[in-house]
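S.K.: Provided below: final-v3.cif, containing mmCIF, C-alpha atoms.
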```cif
data_entry
#
loop_
_atom_site.label_atom_id
_atom_site.label_comp_id
_atom_site.auth_asym_id
_atom_site.auth_seq_id
_atom_site.Cartn_x
_atom_site.Cartn_y
_atom_site.Cartn_z
CA MET H 157 17.98 52.48 -75.57
CA SER H 158 19.16 49.77 -73.14
CA ARG H 159 17.18 51.38 -70.31
CA ARG H 160 14.05 51.29 -72.44
CA LEU H 161 14.58 47.61 -73.28
CA GLY H 162 15.20 46.83 -69.63
CA SER H 163 11.93 48.44 -68.54
CA VAL H 164 9.97 46.49 -71.16
CA LEU H 165 11.55 43.20 -70.04
CA ALA H 166 10.76 43.99 -66.41
CA ALA H 167 7.14 44.68 -67.32
CA CYS H 168 6.93 41.36 -69.17
CA VAL H 169 8.24 39.51 -66.12
CA ALA H 170 5.65 41.21 -63.92
CA LEU H 171 2.89 40.25 -66.35
CA ALA H 172 3.90 36.59 -66.66
CA GLY H 173 2.50 35.49 -63.31
CA THR H 174 -0.94 37.02 -63.19
CA GLY H 175 -1.44 38.40 -66.68
CA VAL H 176 -1.51 42.04 -65.45
CA PRO H 177 0.27 43.95 -62.68
CA ALA H 178 -1.30 44.30 -59.28
CA LEU H 179 -1.84 47.99 -60.02
CA ALA H 180 -4.18 47.03 -62.84
CA GLN H 181 -6.18 44.82 -60.49
CA GLN H 182 -6.49 47.66 -57.99
CA ARG H 183 -7.53 50.24 -60.56
CA ALA H 184 -10.06 47.89 -62.19
CA ALA H 185 -11.62 47.33 -58.78
CA GLY H 186 -11.66 51.04 -58.05
CA ALA H 187 -14.56 53.44 -58.25
CA GLY H 188 -13.93 54.28 -61.90
CA ALA H 189 -14.35 50.67 -63.01
CA THR H 190 -16.87 49.38 -60.52
CA PRO H 191 -19.89 47.98 -62.41
CA SER H 192 -23.45 48.55 -61.42
CA ALA H 193 -25.37 45.58 -60.07
CA ALA H 194 -27.10 45.29 -63.45
CA GLU H 195 -23.90 45.11 -65.54
CA TYR H 196 -23.16 41.77 -67.14
CA ARG H 197 -20.12 39.88 -65.87
CA LEU H 198 -18.09 37.70 -68.21
CA GLY H 199 -18.32 33.96 -67.67
CA ALA H 200 -16.66 30.78 -68.91
CA GLY H 201 -17.55 30.08 -72.54
CA ASP H 202 -18.37 33.68 -73.47
CA VAL H 203 -16.96 34.74 -76.85
CA ILE H 204 -15.55 38.26 -76.76
CA ARG H 205 -13.76 40.65 -79.12
CA ILE H 206 -11.04 42.91 -77.75
CA THR H 207 -9.98 45.94 -79.80
CA VAL H 208 -7.49 48.73 -79.09
CA PHE H 209 -7.99 52.02 -80.90
CA GLN H 210 -5.39 52.57 -83.68
CA ASN H 211 -3.74 49.23 -82.85
CA PRO H 212 -5.33 46.65 -85.19
CA ASP H 213 -2.61 44.10 -84.41
CA LEU H 214 -3.99 43.89 -80.86
CA THR H 215 -7.50 42.95 -82.00
CA LEU H 216 -8.45 39.54 -80.66
CA GLU H 217 -11.59 37.41 -80.85
CA THR H 218 -11.46 34.66 -78.25
CA ARG H 219 -13.40 32.56 -75.78
CA VAL H 220 -13.16 32.82 -72.00
CA THR H 221 -11.80 29.52 -70.69
CA GLU H 222 -13.41 27.42 -67.98
CA SER H 223 -10.96 28.92 -65.49
CA GLY H 224 -11.95 32.45 -66.55
CA LEU H 225 -8.72 33.24 -68.44
CA VAL H 226 -8.05 34.88 -71.79
CA SER H 227 -4.69 34.73 -73.53
CA TYR H 228 -3.99 38.23 -74.85
CA PRO H 229 -0.99 39.43 -76.91
CA LEU H 230 1.81 41.01 -74.83
CA LEU H 231 -0.05 40.41 -71.56
CA GLY H 232 -0.28 36.62 -71.54
CA SER H 233 -3.10 35.10 -69.47
CA VAL H 234 -5.55 37.68 -68.17
CA ARG H 235 -8.30 36.67 -65.77
CA LEU H 236 -11.51 38.20 -67.13
CA GLY H 237 -14.02 35.68 -65.76
CA GLY H 238 -16.27 37.36 -63.21
CA GLN H 239 -15.30 40.83 -64.43
CA SER H 240 -17.75 43.25 -65.96
CA VAL H 241 -17.08 44.56 -69.45
CA THR H 242 -15.99 47.88 -67.92
CA GLN H 243 -13.58 46.15 -65.56
CA ALA H 244 -12.18 43.96 -68.36
CA GLU H 245 -11.50 47.02 -70.50
CA ALA H 246 -9.77 48.80 -67.61
CA LEU H 247 -7.75 45.69 -66.75
CA ILE H 248 -6.36 45.26 -70.27
CA ALA H 249 -5.80 48.99 -70.75
CA GLU H 250 -3.80 49.22 -67.53
CA GLY H 251 -1.70 46.21 -68.52
CA LEU H 252 -0.84 47.77 -71.88
CA ARG H 253 -0.13 51.15 -70.30
CA SER H 254 1.99 49.97 -67.38
CA GLY H 255 3.95 47.64 -69.67
CA ASN H 256 4.74 50.58 -71.98
CA PHE H 257 3.20 48.71 -74.91
CA VAL H 258 0.60 51.41 -75.71
CA ARG H 259 0.87 54.92 -74.31
CA GLN H 260 -2.84 55.76 -73.97
CA PRO H 261 -4.76 52.59 -74.83
CA GLN H 262 -8.47 52.86 -75.58
CA VAL H 263 -9.73 49.32 -75.12
CA THR H 264 -13.15 48.04 -76.15
CA VAL H 265 -14.49 44.63 -75.09
CA SER H 266 -17.56 43.36 -76.96
CA VAL H 267 -19.49 40.24 -75.97
CA LEU H 268 -20.23 38.32 -79.17
CA GLN H 269 -21.83 35.20 -77.66
CA VAL H 270 -23.15 34.73 -74.14
CA ARG H 271 -22.39 31.22 -72.95
CA GLY H 272 -21.16 31.72 -69.41
CA HIS H 273 -24.44 32.75 -67.76
CA GLN H 274 -27.56 30.82 -68.66
CA ALA H 275 -30.86 29.76 -67.14
CA SER H 276 -33.31 27.05 -68.14
CA VAL H 277 -37.07 27.09 -68.59
CA LEU H 278 -38.77 23.68 -68.61
CA GLY H 279 -42.27 22.29 -68.65
CA GLN H 280 -45.39 23.89 -70.06
CA VAL H 281 -43.86 26.79 -72.03
CA ASN H 282 -43.90 27.45 -75.76
CA ARG H 283 -40.11 27.27 -76.25
CA PRO H 284 -38.44 25.30 -73.44
CA GLY H 285 -34.65 25.35 -73.29
CA ARG H 286 -31.56 27.17 -72.02
CA PHE H 287 -31.32 30.92 -72.49
CA PRO H 288 -28.39 33.34 -72.08
CA LEU H 289 -28.56 35.97 -69.36
CA GLU H 290 -27.28 38.94 -71.34
CA SER H 291 -27.56 41.40 -68.48
CA GLY H 292 -27.15 41.29 -64.75
CA ASP H 293 -30.73 42.35 -64.05
CA THR H 294 -32.65 39.66 -65.97
CA ARG H 295 -35.96 39.08 -64.20
CA LEU H 296 -38.34 36.14 -64.18
CA THR H 297 -40.69 37.85 -66.63
CA ASP H 298 -37.77 38.46 -69.02
CA LEU H 299 -36.83 34.77 -68.96
CA LEU H 300 -40.43 33.67 -69.54
CA ALA H 301 -40.62 36.04 -72.51
CA MET H 302 -37.52 34.36 -74.01
CA ALA H 303 -39.32 31.02 -73.64
CA GLY H 304 -42.38 32.36 -75.47
CA GLY H 305 -44.54 32.53 -72.36
CA THR H 306 -46.45 29.74 -70.69
CA GLY H 307 -48.34 27.29 -72.89
CA PRO H 308 -52.10 26.72 -72.91
CA ASN H 309 -51.74 24.01 -70.28
CA GLY H 310 -49.27 25.92 -68.10
CA ALA H 311 -50.07 26.34 -64.43
CA ASP H 312 -50.44 29.71 -62.73
CA ILE H 313 -47.86 28.74 -60.11
CA LEU H 314 -44.29 28.00 -61.23
CA VAL H 315 -41.10 27.08 -59.39
CA VAL H 316 -37.72 28.82 -59.55
CA ALA H 317 -34.82 26.67 -58.30
CA GLY H 318 -31.10 27.39 -58.09
CA THR H 319 -28.52 28.55 -55.58
CA ARG H 320 -28.17 31.75 -53.58
CA ASP H 321 -25.03 32.44 -51.56
CA GLY H 322 -23.96 28.84 -52.00
CA GLN H 323 -27.21 27.46 -50.59
CA PRO H 324 -30.01 25.63 -52.42
CA PHE H 325 -32.82 27.98 -53.40
CA ARG H 326 -36.43 27.17 -54.29
CA GLN H 327 -39.39 29.52 -54.50
CA GLU H 328 -42.91 29.21 -55.86
CA VAL H 329 -44.23 32.19 -57.78
CA ASP H 330 -47.87 32.95 -58.49
CA LEU H 331 -47.85 34.36 -62.02
CA PRO H 332 -51.04 36.45 -61.85
CA THR H 333 -49.72 38.33 -58.81
CA LEU H 334 -46.65 39.48 -60.76
CA PHE H 335 -48.73 42.11 -62.49
CA ALA H 336 -50.91 43.01 -59.53
CA ALA H 337 -50.23 45.99 -57.31
CA GLY H 338 -47.15 45.33 -55.23
CA GLY H 339 -46.26 42.21 -57.21
CA HIS H 340 -42.80 43.42 -58.22
CA ALA H 341 -41.24 41.56 -55.30
CA SER H 342 -42.30 38.27 -56.91
CA ASN H 343 -40.46 39.13 -60.13
CA LEU H 344 -37.29 37.36 -59.05
CA LEU H 345 -33.82 38.29 -60.21
CA ILE H 346 -32.58 35.33 -62.25
CA ARG H 347 -29.08 34.02 -61.53
CA ASN H 348 -26.73 31.83 -63.53
CA GLY H 349 -27.85 28.19 -63.44
CA ASP H 350 -31.43 28.87 -62.32
CA VAL H 351 -34.14 26.51 -63.52
CA VAL H 352 -37.75 27.62 -63.97
CA TRP H 353 -40.30 24.80 -63.97
CA VAL H 354 -43.84 25.37 -65.26
CA SER H 355 -46.01 22.39 -64.43
CA ARG H 356 -49.27 21.34 -66.01
CA GLN H 357 -52.33 23.29 -64.97
CA PRO H 358 -54.64 21.24 -62.70
CA GLN H 359 -57.51 19.58 -64.52
CA VAL H 360 -60.96 18.18 -63.86
CA TYR H 361 -62.74 15.56 -65.94
CA ILE H 362 -66.40 15.51 -66.88
CA TYR H 363 -68.30 12.65 -68.49
CA GLY H 364 -71.84 11.42 -68.77
CA GLU H 365 -74.77 13.55 -69.83
CA VAL H 366 -72.91 16.76 -70.71
CA GLN H 367 -72.52 18.50 -74.06
CA ARG H 368 -68.69 18.39 -74.19
CA PRO H 369 -67.31 15.63 -71.97
CA GLY H 370 -63.58 15.27 -71.37
CA PRO H 371 -60.74 16.95 -69.46
CA MET H 372 -60.73 20.70 -68.86
CA ARG H 373 -58.48 23.27 -67.27
CA LEU H 374 -59.21 23.87 -63.61
CA GLU H 375 -59.35 27.61 -63.20
CA ARG H 376 -58.70 29.21 -59.86
CA ASP H 377 -61.64 28.84 -57.45
CA MET H 378 -63.70 27.09 -60.13
CA THR H 379 -67.02 25.79 -58.81
CA LEU H 380 -69.00 22.75 -59.94
CA MET H 381 -71.44 25.00 -61.77
CA GLN H 382 -68.60 26.70 -63.67
CA ALA H 383 -67.09 23.34 -64.57
CA LEU H 384 -70.42 22.15 -65.96
CA ALA H 385 -70.79 25.38 -67.90
CA THR H 386 -67.33 24.88 -69.40
CA GLY H 387 -68.49 21.47 -70.51
CA GLY H 388 -71.41 23.04 -72.34
CA GLY H 389 -73.99 22.23 -69.67
CA LEU H 390 -76.17 19.19 -69.23
CA THR H 391 -77.86 17.38 -72.09
CA GLN H 392 -81.64 17.06 -72.15
CA ARG H 393 -81.30 13.69 -70.47
CA GLY H 394 -78.94 14.92 -67.75
CA THR H 395 -80.12 15.73 -64.22
CA GLU H 396 -78.55 17.81 -61.47
CA LYS H 397 -79.69 15.26 -58.93
CA GLY H 398 -77.57 12.65 -60.66
CA ILE H 399 -74.28 14.58 -60.45
CA ARG H 400 -71.51 12.80 -58.57
CA VAL H 401 -67.89 13.85 -57.98
CA HIS H 402 -65.19 11.20 -57.59
CA ARG H 403 -62.34 12.68 -55.52
CA ARG H 404 -59.11 11.07 -54.36
CA ALA H 405 -58.56 11.58 -50.64
CA GLU H 406 -55.23 11.97 -48.83
CA ASP H 407 -55.13 8.25 -48.09
CA GLY H 408 -55.26 7.53 -51.82
CA LYS H 409 -58.80 6.16 -51.83
CA VAL H 410 -61.43 7.58 -54.17
CA ARG H 411 -64.59 8.81 -52.53
CA VAL H 412 -67.89 9.56 -54.27
CA MET H 413 -69.55 12.85 -53.29
CA GLN H 414 -72.74 14.68 -54.16
CA PRO H 415 -71.56 18.31 -53.99
CA ALA H 416 -73.51 21.53 -54.19
CA MET H 417 -73.28 23.68 -57.31
CA ASP H 418 -71.15 26.30 -55.52
CA ASP H 419 -68.65 23.77 -54.15
CA LYS H 420 -65.10 24.30 -55.43
CA MET H 421 -63.43 21.74 -57.65
CA ARG H 422 -60.04 20.19 -56.95
CA ASP H 423 -57.29 18.93 -59.20
CA GLY H 424 -58.11 15.47 -60.51
CA ASP H 425 -61.83 15.57 -59.69
CA VAL H 426 -64.00 13.44 -61.96
CA VAL H 427 -67.56 14.70 -62.45
CA TYR H 428 -70.16 12.21 -63.62
CA VAL H 429 -73.61 13.33 -64.72
CA ARG H 430 -76.20 10.55 -64.67
CA GLU H 431 -79.12 10.18 -67.01
CA SER H 432 -82.52 11.18 -65.67
CA LEU H 433 -84.86 8.30 -65.09
CA PHE H 434 -87.92 10.37 -65.92
#
```
Write the structure described by the file as structure tokens, please.

M.R.:
Amino acid sequence: MSRRLGSVLAACVALAGTGVPALAQQRAAGAGATPSAAEYRLGAGDVIRITVFQNPDLTLETRVTESGLVSYPLLGSVRLGGQSVTQAEALIAEGLRSGNFVRQPQVTVSVLQVRGHQASVLGQVNRPGRFPLESGDTRLTDLLAMAGGTGPNGADILVVAGTRDGQPFRQEVDLPTLFAAGGHASNLLIRNGDVVWVSRQPQVYIYGEVQRPGPMRLERDMTLMQALATGGGLTQRGTEKGIRVHRRAEDGKVRVMQPAMDDKMRDGDVVYVRESLF
């Protein structure tokens, strides 16, 4: 009986420093517990439930601390931050087994709330905000779907910013190409802390003798003729000879042009249609 008590005390001393013996760390990092690249890894703020089969007194619902630790009965502080669910289960099971607390522990770790890994979507989307990354293979299209997709005024080109390997990361993504042949490479893998910015779609402005004057969405490669058609066309008093485009140059000055109907529009162009004198 005294030998048994002595072994339990020795196991508790070994667990006090790191939360689990070094053997548990090695086995959790071994081939049997190695997660796939797509498996979610626990992060600070995540709420988890730990259960041990036929041991209800070891059930615990807790939150991962900012330092990645969880205080678990018998084991003390266990570092679960950065571990996959599979690794966390193996880590706790090995601690219970090697400490002679449970002979053959069957441990289950369930993620109740994802708070440790999040990404933000801002700008012209239907539901801007922060969203949890519930799996390790969340792609750009998945994140946009969480945000309800781009809004009516959302641009075709968006920006993904964050960090990769400790370095600042920024990449522009052309949305229409995501679904074109070979566009999978543009469907970026989203990492914790990434921010997706969807800016306003470029616009042109039409006023004067047109049916529907006002601002309009500048579609890709839109010509002057297409812009006029979007505005409902000229009124009976309008004349093609009286069309002028006011465009801001690189030096900031606005220049007045008389473009051809097949000339392409630019963001911020102002089209004025004069009244015919005859």

S.K.: List the residues sitting within 10 Å of (-57.9, 27.7, -59.8) in the file's frame, using all atoms listed in the file, as a list in words.

M.R.: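 Residues close enough to count: Ala311, Asp312, Gln357, Pro358, Gln359, Arg373, Leu374, Glu375, Arg376, Asp377, Met378, Thr379, Lys420, Met421, Arg422 and Asp423 of chain H.
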
S.K.: Hey, which of H:Ser240, H:Leu231, H:Gln327, H:Thr218 ends up closest to Ser254 (chain H)? Count only C-alpha atoms.

M.R.: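 Counting only C-alpha atoms, the residue closest to Ser254 (chain H) is H:Leu231.
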
S.K.: Convert the output of the PyMOL selection byres ((chain H and resi 224) around 6) on the shown file into explicit residues, formatted as a PyMOL selection string.

M.R.: chain H and resi 200+220-223+225+235-237

S.K.: Would you write out those residues with C-alpha atoms, as a PDB file, keeping the file's coordinate frame?

M.R.:
```pdb
ATOM      1  CA  ALA H 200     -16.660  30.780 -68.910  1.00  0.00           C
ATOM      2  CA  VAL H 220     -13.160  32.820 -72.000  1.00  0.00           C
ATOM      3  CA  THR H 221     -11.800  29.520 -70.690  1.00  0.00           C
ATOM      4  CA  GLU H 222     -13.410  27.420 -67.980  1.00  0.00           C
ATOM      5  CA  SER H 223     -10.960  28.920 -65.490  1.00  0.00           C
ATOM      6  CA  LEU H 225      -8.720  33.240 -68.440  1.00  0.00           C
ATOM      7  CA  ARG H 235      -8.300  36.670 -65.770  1.00  0.00           C
ATOM      8  CA  LEU H 236     -11.510  38.200 -67.130  1.00  0.00           C
ATOM      9  CA  GLY H 237     -14.020  35.680 -65.760  1.00  0.00           C
TER      10      GLY H 237
END
```

S.K.: Applied to the shown file, which residues does the PyMOL selection byres ((chain H and resi 280-284) around 7) return, written as a list in words?

M.R.: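 For this structure, the PyMOL selection byres ((chain H and resi 280-284) around 7) resolves to Val277, Leu278, Gly279, Gly285, Ala303, Gly304, Gly305, Thr306, Gly307, Asn309, Gly310, Val354, Ser355 and Arg356 of chain H.
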
S.K.: Applied to the shown file, which residues does the PyMOL selection byres ((chain H and resi 287) around 8) return, written as JSON, numbers by chain?

M.R.: {"H": [274, 275, 276, 277, 285, 286, 288, 289, 299, 302]}

S.K.: Quick one: pull the distance between CA of Ile313 (chain H) and CA of Asp425 (chain H), Å, one decimal.

M.R.: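 So the answer is 19.2 Å.
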
S.K.: Axis-aligned box over every listed atom of region 324-327 of chain H, padded by 6 Å per side: centre and edges in Å to one decimal, as JSON?

M.R.:
```
{"center_x": -34.7, "center_y": 27.6, "center_z": -53.5, "size_x": 21.4, "size_y": 15.9, "size_z": 14.1}
```

S.K.: What is the CA of Gly349 (chain H) to CA of Gly318 (chain H) distance in Å?

M.R.: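 Pair CA of Gly349 (chain H) / CA of Gly318 (chain H) returns 6.3 Å.
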
S.K.: Hey, can you check how far CA of Ala317 (chain H) sits from CA of Ile346 (chain H)?

M.R.: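 Calculated distance between CA of Ala317 (chain H) and CA of Ile346 (chain H) is 9.8 Å.
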
S.K.: Using all atoms listed in the file, which protein or nucleic acid residues come within 9 Å of Ile206 (chain H)? Drop anything in the same chain fewer than 3 positions from it, and give the result as a PDB file with C-alpha atoms, in the frame of the given file.

M.R.:
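This is the output file selection13.pdb:
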```
ATOM      1  CA  LEU H 214      -3.990  43.890 -80.860  1.00  0.00           C
ATOM      2  CA  THR H 215      -7.500  42.950 -82.000  1.00  0.00           C
ATOM      3  CA  LEU H 216      -8.450  39.540 -80.660  1.00  0.00           C
ATOM      4  CA  GLU H 217     -11.590  37.410 -80.850  1.00  0.00           C
ATOM      5  CA  THR H 218     -11.460  34.660 -78.250  1.00  0.00           C
ATOM      6  CA  TYR H 228      -3.990  38.230 -74.850  1.00  0.00           C
ATOM      7  CA  GLU H 245     -11.500  47.020 -70.500  1.00  0.00           C
ATOM      8  CA  VAL H 263      -9.730  49.320 -75.120  1.00  0.00           C
ATOM      9  CA  THR H 264     -13.150  48.040 -76.150  1.00  0.00           C
ATOM     10  CA  VAL H 265     -14.490  44.630 -75.090  1.00  0.00           C
ATOM     11  CA  SER H 266     -17.560  43.360 -76.960  1.00  0.00           C
TER      12      SER H 266
END
```

S.K.: Just checking: using all atoms listed in the file, which residue out of H:Gly408, H:Gly232, H:Gly387, H:Gly251 ends up closest to Gly370 (chain H)?

M.R.: H:Gly387

S.K.: May I have the residues within 6 Å of Gly201 (chain H) as an MDAnalysis selection string, using only C-alpha atoms and disregarding those fewer than 5 positions away in the same chain?

M.R.: chainID H and resid 219:220 271:272

S.K.: Near region 409-411 of chain H, counting only C-alpha atoms, which residues have an atom at most 12 Å away, once you skip same-chain residues fewer than 4 positions from it, shown as an MDAnalysis selection string?

M.R.: chainID H and resid 400:405 415 424:427

S.K.: Just checking: using only C-alpha atoms, which residue out of H:Val267, H:Val429, H:Leu300, H:Val329 ends up closest to Tyr361 (chain H)?

M.R.: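 Smallest separation from Tyr361 (chain H) among the options: H:Val429.
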
S.K.: Show me as number ranges by chain the residues that reach within 6 Å of (-35.7, 28.6, -62.6), counting all atoms listed in the file and using the file's own coordinates.

M.R.: H: 316-317, 350-352
